[in-house]
Amino acid sequence: DTQQDIIEATEWAIDQGSFNPIFRRKPVKFFAEIDGSDNWRNYEVEFDINGQESLDPLGSWSLGALLFRAEDKNNYYKLDINFKHNLVELRKSENGIGETIYLNNPIPRSYGRKIKEIPARDYRPFFDERVSDKAIDFNRWYHVKVRVNNNEITVYLDNRKIIEETNTAFANGGIGLTGYQGDVLFDNIIVRSLSGQTLFQDSFNNLNKWDISSD
């Protein structure tokens with residue numbers, strides 16, 4: 001049965017079997033409550049994501065993100081998907097201070113951060129250049145896979161490799177989801193070890209597996 005209950009404290013809901021953050025100014029982070037996930041090291045995360053039309057009055061955001069190798073709510077890697085501006089951004093947060101690792105397009109000035117904060121050399125096309133830099137759009141389901149293997153981070157969009165980076169900030173940690181200034185649907189998330197063992201899986205029939213934070 002479809003669950004329509006809204007969790008007022010967090011403004012996330014179950015919508016027709018999908019995970020749906022409702023618009024709010026402050027991001028809400030969902031962390032999977034999984035025993036032992038703090039020790040996860042090398043794994044793959046797969047999920048489906050669909051960005052709805054932006055609800056930001058300035059039109060700058062409609063963002064969904066995966067947090068991975070998350071040590072806590074201030075230390076993690078994050079894959080941002082911005083449906084408004086065709087941005088896919090790989091970031092890290094260390095002690096609450098964010099830094100861009102990869103960005104596929106220049107950030108528009110209306111996006112909220114000054115362009116000069118990210119050197120021009122960091123604007124790079126997707127690894128598989130057959131994937132357009134305008135590939136991200138509203139009201140369409142995308143399948144995303146993130147693979148972490150030692151210091152290597154690889155991201156796939158609809159089964160095509162778009163990001164391949166090396167970073168040493170975090171060696172292990174769990175996963176989380178977040179949304180900001182727009183309705184974003186998540187569904188069918190699964191975490192596997194690189195040997196193929198299923199570590200976590202959720203199709204979002206309820207929110208029992210998630211720890212909610214608005215920090």
# chains A, B, ... in the order shown; residues from 1 in each chain; ligands from 1

call {"tool": "residues_around", "arguments": {"residues": "Val155 in chain A", "least_positions_apart": "2", "cutoff": "9 Å", "atoms": "only C-alpha atoms", "output": "count of residues only"}}
result
14

call {"tool": "residues_around", "arguments": {"residues": "Phe186 in chain A", "least_positions_apart": "2", "cutoff": "8 Å", "atoms": "only C-alpha atoms", "output": "PyMOL selection string"}}
result
chain A and resi 18-20+47-50+184+188-189

call {"tool": "closest_residue", "arguments": {"among": "A:Gln197, A:Asn75, A:Ser213, A:Gln52", "to": "Ala171 in chain A", "atoms": "only C-alpha atoms"}}
result
A:Asn75

call {"tool": "closest_residue", "arguments": {"among": "A:Asn151, A:Asn82, A:Asn172, A:Thr178", "to": "Asp38 in chain A", "atoms": "only C-alpha atoms"}}
result
A:Asn172

call {"tool": "closest_residue", "arguments": {"among": "A:Ala169, A:Gly176, A:Ile136, A:Ile34", "to": "Gly98 in chain A", "atoms": "only C-alpha atoms"}}
result
A:Ala169
